[in-house]
>>> print(open('start39.txt').read())   # compact mmCIF, C-alpha atoms and all ligand atoms
# COMPACT_ATOMS: atom_id res chain seq x y z
CA MET X 1 0.00 0.00 0.00
CA VAL X 2 1.35 3.44 -0.91
CA ASN X 3 2.11 5.65 2.04
CA TYR X 4 2.04 9.15 0.60
CA SER X 5 3.32 10.56 3.87
CA GLU X 6 6.69 9.01 3.11
CA SER X 7 6.83 10.29 -0.47
CA ALA X 8 7.48 13.83 -1.67
CA THR X 9 3.75 14.62 -1.90
CA PRO X 10 1.88 14.27 1.38
CA ALA X 11 -1.41 12.37 1.23
CA ALA X 12 -4.59 14.45 1.32
CA ILE X 13 -6.09 11.80 3.62
CA LEU X 14 -4.09 9.26 5.60
CA ALA X 15 -5.63 6.57 7.81
CA HIS X 16 -3.99 4.03 10.11
CA GLY X 17 -6.02 1.53 12.11
CA LEU X 18 -9.16 3.62 11.58
CA THR X 19 -12.03 2.06 13.49
CA VAL X 20 -15.60 3.31 13.93
CA VAL X 21 -18.26 1.88 16.21
CA ARG X 22 -21.94 2.74 15.58
CA GLY X 23 -24.39 1.52 18.19
CA ASP X 24 -23.06 -1.88 19.22
CA ARG X 25 -21.50 -2.59 15.81
CA THR X 26 -17.94 -2.08 14.64
CA VAL X 27 -18.71 -0.55 11.24
CA LEU X 28 -15.12 0.23 10.12
CA ARG X 29 -12.40 -2.19 11.15
CA GLY X 30 -8.84 -0.92 11.40
CA LEU X 31 -8.57 0.72 7.96
CA ASP X 32 -5.19 1.74 6.49
CA PHE X 33 -5.21 3.82 3.34
CA ALA X 34 -3.95 6.97 1.68
CA VAL X 35 -5.79 9.31 -0.69
CA PRO X 36 -3.45 11.21 -3.04
CA PRO X 37 -3.90 14.96 -3.52
CA GLY X 38 -5.24 16.48 -6.74
CA ARG X 39 -6.81 13.23 -7.92
CA VAL X 40 -10.26 11.66 -8.10
CA THR X 41 -10.43 8.71 -5.71
CA GLY X 42 -13.48 6.47 -5.87
CA LEU X 43 -14.82 4.86 -2.70
CA LEU X 44 -16.69 1.86 -3.96
CA GLY X 45 -18.51 -1.00 -2.35
CA PRO X 46 -21.96 -2.47 -1.82
CA SER X 47 -24.70 -0.73 0.13
CA GLY X 48 -24.04 -0.86 3.87
CA CYS X 49 -20.29 -1.56 3.62
CA GLY X 50 -19.44 1.68 5.45
CA LYS X 51 -18.79 4.29 2.75
CA SER X 52 -20.91 7.04 4.32
CA THR X 53 -19.50 6.28 7.76
CA LEU X 54 -15.96 6.64 6.41
CA MET X 55 -16.85 9.94 4.71
CA ARG X 56 -18.44 11.24 7.92
CA ALA X 57 -15.25 10.32 9.81
CA ILE X 58 -13.15 12.20 7.22
CA VAL X 59 -15.24 15.37 7.44
CA GLY X 60 -15.32 15.11 11.23
CA THR X 61 -19.01 14.45 11.87
CA GLN X 62 -18.75 10.83 13.01
CA ALA X 63 -18.58 9.85 16.70
CA LYS X 64 -16.55 6.95 18.15
CA VAL X 65 -13.64 7.15 15.71
CA THR X 66 -10.36 5.59 16.87
CA GLY X 67 -6.98 5.13 15.20
CA THR X 68 -5.26 7.82 13.11
CA LEU X 69 -7.07 9.89 10.51
CA ASP X 70 -5.25 12.91 9.08
CA VAL X 71 -6.93 15.19 6.56
CA LEU X 72 -4.93 17.89 4.72
CA GLY X 73 -2.28 17.57 7.41
CA HIS X 74 -4.63 17.95 10.40
CA PRO X 75 -6.51 15.44 12.54
CA ALA X 76 -10.00 14.87 11.05
CA GLY X 77 -12.52 17.23 12.61
CA ASP X 78 -9.93 19.94 13.36
CA ALA X 79 -11.49 23.43 13.22
CA ALA X 80 -8.77 24.51 10.75
CA LEU X 81 -10.27 22.15 8.18
CA ARG X 82 -13.78 23.57 8.17
CA SER X 83 -13.38 25.98 5.25
CA ARG X 84 -11.03 23.66 3.35
CA ILE X 85 -13.46 20.76 2.89
CA GLY X 86 -16.65 20.57 0.84
CA TYR X 87 -19.03 17.75 1.79
CA VAL X 88 -22.16 16.73 -0.08
CA THR X 89 -24.34 14.16 1.65
CA GLN X 90 -26.77 11.81 -0.09
CA ALA X 91 -29.74 14.02 0.84
CA PRO X 92 -29.51 17.33 -1.09
CA SER X 93 -29.52 20.19 1.43
CA VAL X 94 -31.23 23.01 -0.45
CA TYR X 95 -34.07 25.36 0.42
CA ASP X 96 -37.03 24.47 -1.80
CA ASP X 97 -38.71 27.87 -1.47
CA LEU X 98 -35.65 29.75 -2.77
CA THR X 99 -34.39 29.89 -6.34
CA VAL X 100 -31.14 28.19 -7.26
CA ARG X 101 -29.29 31.52 -7.21
CA GLN X 102 -30.88 32.56 -3.89
CA ASN X 103 -29.74 29.25 -2.37
CA LEU X 104 -26.19 29.93 -3.51
CA ASP X 105 -26.35 33.59 -2.43
CA TYR X 106 -27.43 32.47 1.03
CA PHE X 107 -24.55 30.03 1.48
CA ALA X 108 -22.08 32.48 -0.11
CA ALA X 109 -23.14 35.07 2.48
CA VAL X 110 -22.29 32.59 5.24
CA LEU X 111 -18.91 31.75 3.69
CA LEU X 112 -17.92 35.23 2.54
CA PRO X 113 -19.75 37.66 4.81
CA GLY X 114 -19.62 41.45 4.64
CA ARG X 115 -20.21 44.21 2.12
CA ALA X 116 -16.57 44.28 1.04
CA LEU X 117 -16.85 40.75 -0.35
CA ARG X 118 -19.98 41.37 -2.42
CA GLU X 119 -18.16 41.05 -5.74
CA ASP X 120 -16.34 37.91 -4.54
CA ARG X 121 -19.69 36.37 -3.62
CA ARG X 122 -21.16 37.18 -7.02
CA THR X 123 -18.12 35.68 -8.80
CA ALA X 124 -18.21 32.55 -6.62
CA VAL X 125 -21.95 32.04 -7.24
CA ASP X 126 -21.65 32.55 -11.01
CA ARG X 127 -18.71 30.18 -11.19
CA ALA X 128 -20.45 27.47 -9.13
CA LEU X 129 -23.59 27.78 -11.29
CA HIS X 130 -21.50 27.44 -14.42
CA ASP X 131 -19.53 24.49 -13.01
CA VAL X 132 -22.66 22.43 -12.39
CA ASP X 133 -24.32 23.63 -15.60
CA LEU X 134 -27.26 25.29 -13.88
CA THR X 135 -26.80 28.86 -15.15
CA SER X 136 -29.94 28.57 -17.25
CA HIS X 137 -31.90 27.41 -14.17
CA ALA X 138 -30.55 30.09 -11.82
CA ASP X 139 -33.98 31.66 -11.34
CA ALA X 140 -35.92 28.41 -10.95
CA LEU X 141 -37.29 27.49 -7.54
CA ALA X 142 -35.23 24.64 -6.07
CA GLY X 143 -38.46 22.84 -5.14
CA ARG X 144 -39.40 22.61 -8.82
CA LEU X 145 -36.12 21.01 -9.93
CA SER X 146 -35.58 17.35 -10.80
CA GLY X 147 -33.68 15.15 -8.33
CA GLY X 148 -30.52 15.38 -10.41
CA GLN X 149 -30.74 19.16 -10.65
CA ARG X 150 -31.27 19.45 -6.88
CA SER X 151 -28.20 17.36 -6.19
CA ARG X 152 -26.24 19.62 -8.54
CA VAL X 153 -27.36 22.63 -6.47
CA SER X 154 -25.94 20.87 -3.39
CA LEU X 155 -22.70 20.30 -5.27
CA ALA X 156 -22.61 23.97 -6.33
CA VAL X 157 -22.97 24.97 -2.65
CA ALA X 158 -19.98 22.77 -1.79
CA LEU X 159 -17.95 24.36 -4.61
CA LEU X 160 -18.57 27.94 -3.45
CA GLY X 161 -15.59 28.11 -1.12
CA THR X 162 -13.24 26.43 -3.68
CA PRO X 163 -12.48 23.62 -1.20
CA GLU X 164 -9.17 21.76 -1.35
CA LEU X 165 -10.95 18.50 -0.56
CA LEU X 166 -14.39 17.57 -1.88
CA VAL X 167 -16.13 14.60 -0.26
CA LEU X 168 -19.14 13.52 -2.32
CA ASP X 169 -21.45 10.80 -1.05
CA GLU X 170 -23.03 9.00 -4.03
CA PRO X 171 -23.41 12.19 -6.10
CA THR X 172 -24.55 10.37 -9.25
CA VAL X 173 -27.21 8.14 -7.71
CA GLY X 174 -30.45 8.23 -9.72
CA LEU X 175 -28.96 10.30 -12.56
CA ASP X 176 -29.28 9.39 -16.22
CA PRO X 177 -26.12 8.28 -18.07
CA VAL X 178 -25.55 11.65 -19.77
CA LEU X 179 -25.72 13.57 -16.47
CA ARG X 180 -23.50 10.98 -14.80
CA ARG X 181 -20.88 11.41 -17.52
CA ASP X 182 -21.10 15.21 -17.28
CA LEU X 183 -20.66 15.11 -13.51
CA TRP X 184 -17.63 12.83 -13.75
CA ASN X 185 -16.13 15.22 -16.31
CA LEU X 186 -16.74 18.04 -13.84
CA PHE X 187 -15.01 16.06 -11.05
CA HIS X 188 -11.96 15.71 -13.28
CA ARG X 189 -11.95 19.42 -14.13
CA ILE X 190 -12.06 20.22 -10.39
CA ALA X 191 -9.15 17.81 -9.76
CA ASP X 192 -7.23 19.41 -12.64
CA ARG X 193 -7.50 22.71 -10.73
CA GLY X 194 -5.66 20.97 -7.88
CA ALA X 195 -8.47 19.81 -5.57
CA THR X 196 -8.71 16.31 -4.13
CA LEU X 197 -11.99 14.44 -4.64
CA LEU X 198 -13.28 11.44 -2.75
CA VAL X 199 -16.42 10.19 -4.49
CA SER X 200 -18.49 7.25 -3.28
CA SER X 201 -20.60 5.00 -5.45
CA HIS X 202 -22.00 1.52 -5.40
CA VAL X 203 -22.06 1.44 -9.21
CA MET X 204 -18.93 -0.39 -10.24
CA ASP X 205 -18.73 1.03 -13.77
CA GLU X 206 -18.01 4.41 -12.18
CA ALA X 207 -14.79 2.89 -10.86
CA GLU X 208 -13.30 3.09 -14.32
CA ARG X 209 -13.64 6.90 -14.20
CA CYS X 210 -11.41 7.30 -11.12
CA HIS X 211 -7.66 7.86 -10.92
CA ARG X 212 -7.57 5.70 -7.83
CA LEU X 213 -9.90 3.37 -5.95
CA LEU X 214 -10.66 2.27 -2.44
CA LEU X 215 -12.74 -0.88 -2.70
CA MET X 216 -14.69 -1.61 0.47
CA ARG X 217 -16.63 -4.53 1.78
CA GLU X 218 -18.15 -5.09 5.23
CA GLY X 219 -16.16 -2.34 6.92
CA GLU X 220 -12.82 -3.30 5.41
CA ILE X 221 -10.71 -2.04 2.51
CA LEU X 222 -10.29 -4.83 -0.02
CA ALA X 223 -8.03 -2.83 -2.31
CA ASP X 224 -6.36 0.59 -2.54
CA ASP X 225 -5.03 0.93 -6.07
CA THR X 226 -5.52 2.31 -9.57
CA PRO X 227 -8.22 0.78 -11.80
CA GLU X 228 -5.53 -0.44 -14.25
CA ALA X 229 -3.48 -2.12 -11.51
CA LEU X 230 -6.60 -3.79 -10.08
CA ARG X 231 -7.57 -5.22 -13.45
CA ARG X 232 -4.01 -6.34 -14.17
CA ARG X 233 -3.38 -7.94 -10.77
CA ASN X 234 -6.66 -9.85 -10.82
CA ASP X 235 -6.38 -10.64 -14.52
CA THR X 236 -9.85 -9.24 -15.29
CA LEU X 237 -11.29 -6.97 -17.98
CA THR X 238 -13.26 -4.74 -15.60
CA VAL X 239 -12.87 -3.36 -12.08
CA GLU X 240 -16.21 -5.00 -11.25
CA ASP X 241 -14.76 -8.44 -12.05
CA ALA X 242 -11.61 -7.58 -10.09
CA PHE X 243 -13.80 -6.63 -7.12
CA LEU X 244 -15.73 -9.91 -7.35
CA HIS X 245 -12.44 -11.79 -7.55
CA LEU X 246 -11.21 -10.03 -4.40
CA VAL X 247 -14.51 -10.77 -2.60
CA ASP X 248 -14.24 -14.47 -3.48
CA ALA X 249 -10.65 -14.54 -2.25
CA ALA X 250 -11.63 -12.81 1.02
CA ASN X 251 -14.53 -15.26 1.51
CA ALA X 252 -12.22 -18.22 0.89
CA ARG X 253 -9.72 -16.85 3.45
CA ALA X 254 -12.52 -16.32 6.00
CA ALA X 255 -13.88 -19.86 5.44
CA ALA X 256 -10.48 -21.57 5.65
CA PRO X 257 -10.00 -21.47 9.46
CA LEU X 258 -13.63 -22.59 9.87
CA GLU X 259 -13.12 -25.63 7.63
CA GLU X 260 -9.88 -26.35 9.46
CA SER X 261 -11.66 -26.39 12.84
CA GLN X 262 -14.44 -28.63 11.50
CA ARG X 263 -12.03 -31.33 10.42
N1 LIG X 301 -26.83 4.86 13.68
C1 LIG X 301 -26.40 3.65 13.42
N2 LIG X 301 -26.28 2.72 14.42
C2 LIG X 301 -25.82 1.49 14.16
N3 LIG X 301 -25.43 1.07 12.94
C3 LIG X 301 -25.53 1.95 11.94
C4 LIG X 301 -26.01 3.27 12.11
N4 LIG X 301 -25.97 3.89 10.92
C5 LIG X 301 -25.50 3.00 10.04
N5 LIG X 301 -25.23 1.85 10.65
C6 LIG X 301 -24.68 0.64 10.02
O1 LIG X 301 -23.38 0.93 9.59
C7 LIG X 301 -23.09 0.22 8.39
C8 LIG X 301 -22.47 1.16 7.40
O2 LIG X 301 -23.42 2.12 7.01
P1 LIG X 301 -23.06 3.23 5.91
O3 LIG X 301 -24.24 4.13 5.79
O4 LIG X 301 -21.76 3.83 6.25
O5 LIG X 301 -22.90 2.32 4.60
P2 LIG X 301 -22.83 2.75 3.08
O6 LIG X 301 -21.79 1.88 2.47
O7 LIG X 301 -22.66 4.22 2.97
O8 LIG X 301 -24.26 2.33 2.54
P3 LIG X 301 -25.17 3.01 1.40
O9 LIG X 301 -24.42 2.84 0.11
O10 LIG X 301 -26.43 2.20 1.46
O11 LIG X 301 -25.35 4.44 1.78
C9 LIG X 301 -24.41 -0.39 7.91
O12 LIG X 301 -24.36 -1.77 8.12
C10 LIG X 301 -25.45 0.26 8.76
O13 LIG X 301 -26.49 -0.64 9.06
>>> encode(input="start39.txt", output="structure tokens", more="lines below")
Ligand SMILES: Nc1ncnc2c1ncn2[C@@H]1O[C@H](COP(=O)(O)OP(=O)(O)OP(=O)(O)O)[C@@H](O)[C@H]1O
Amino acid sequence: MVNYSESATPAAILAHGLTVVRGDRTVLRGLDFAVPPGRVTGLLGPSGCGKSTLMRAIVGTQAKVTGTLDVLGHPAGDAALRSRIGYVTQAPSVYDDLTVRQNLDYFAAVLLPGRALREDRRTAVDRALHDVDLTSHADALAGRLSGGQRSRVSLAVALLGTPELLVLDEPTVGLDPVLRRDLWNLFHRIADRGATLLVSSHVMDEAERCHRLLLMREGEILADDTPEALRRRNDTLTVEDAFLHLVDAANARAAAPLEESQR
């Protein structure tokens, strides 16, 4: 596993023995991984494997986190990180009774308060609208938008402060293929500007669009690698097949001691 902390470029996110307990369940079990800066890293795995929990730990909103978790050089949750991270949850957080632009103006006023920053706010709002391709819907009420458009408003809100790290929880869920492709192109443009993106999905074909992947299953990281390396190492044509191969191998390892004890 690559430890970016030991290379010239420090990791944007670095975890050692990261464990999270929710209720009476250990949901993440001693994870070790590194997320490189300025790249799009996909966090992929089946529903319930712990993707959202891991993202919440990274942005500092998850309780009962143990082990080491450094984000942009600070412990996760550190106050210094607040303005440097953009986080979009699965549920779009927009005000339905405001227009798209009014939503963005509101959040821009929180981020960049004061009369002196009026022009900066206007520039940030226009840029975010353009980024998510909603300029032509700027005056539409958020409550009248489609699901995909609403989630793009949420993404625009997260882009307002030009965050260094964007954490996006299943941003393409429920979108049609054209919108999904457009969003992934946007993620790459944002990474090209130097930001780090961590994007979760349970749709394996999205894996192919990432520079790097964290494949998860049942609270563990099965692989931390590039899509090409995963396909090559598992001798498969797709990342999905590589993932299935890794799951089978993990199941076989888990069953082995059991079979041993039953002999
Ligand atoms: N409040 C809670 N108390 C106890 N267990 C919880 C709680 N919230 C979630 N879990 C459990 O934690 C595990 C991981 O949930 P999480 O939401 O992180 O998964 P996920 O991979 O993001 O799933 P999805 O893709 O469906 O959103 C699940 O098995 C879930 O049942």
>>> residues_near_ligand(input="start39.txt", ligand="ligand LIG 301 (chain X)", cutoff="7 Å", atoms="all atoms listed in the file", output="PyMOL selection string")
chain X and resi 22-25+27+45-54+202
>>> closest_residue(input="start39.txt", among="X:Tyr87, X:Asp96, X:Ala207, X:Leu175", to="X:Ala57", atoms="only C-alpha atoms")
X:Tyr87
>>> atom_distance(input="start39.txt", atom1="atom CA of X:Leu214", atom2="atom CA of X:Thr41")
7.2 Å
>>> closest_residue(input="start39.txt", among="X:Ala229, X:Arg253, X:Pro177, X:Gly38", to="X:Thr196", atoms="all atoms listed in the file")
X:Gly38
>>> closest_residue(input="start39.txt", among="X:Leu28, X:Ala223, X:Leu98, X:Leu145", to="X:Thr66", atoms="only C-alpha atoms")
X:Leu28
>>> residues_around(input="start39.txt", residues="X:Asp182", least_positions_apart="2", cutoff="12 Å", atoms="only C-alpha atoms", output="ChimeraX atom specification")
/X:131-133,148,152,171-172,175-180,184-189,209
>>> closest_residue(input="start39.txt", among="X:His211, X:Arg232, X:Arg56, X:Arg101", to="X:Asp169", atoms="all atoms listed in the file")
X:Arg56
>>> atom_distance(input="start39.txt", atom1="atom CA of X:Leu43", atom2="atom CA of X:Gln62")
17.3 Å
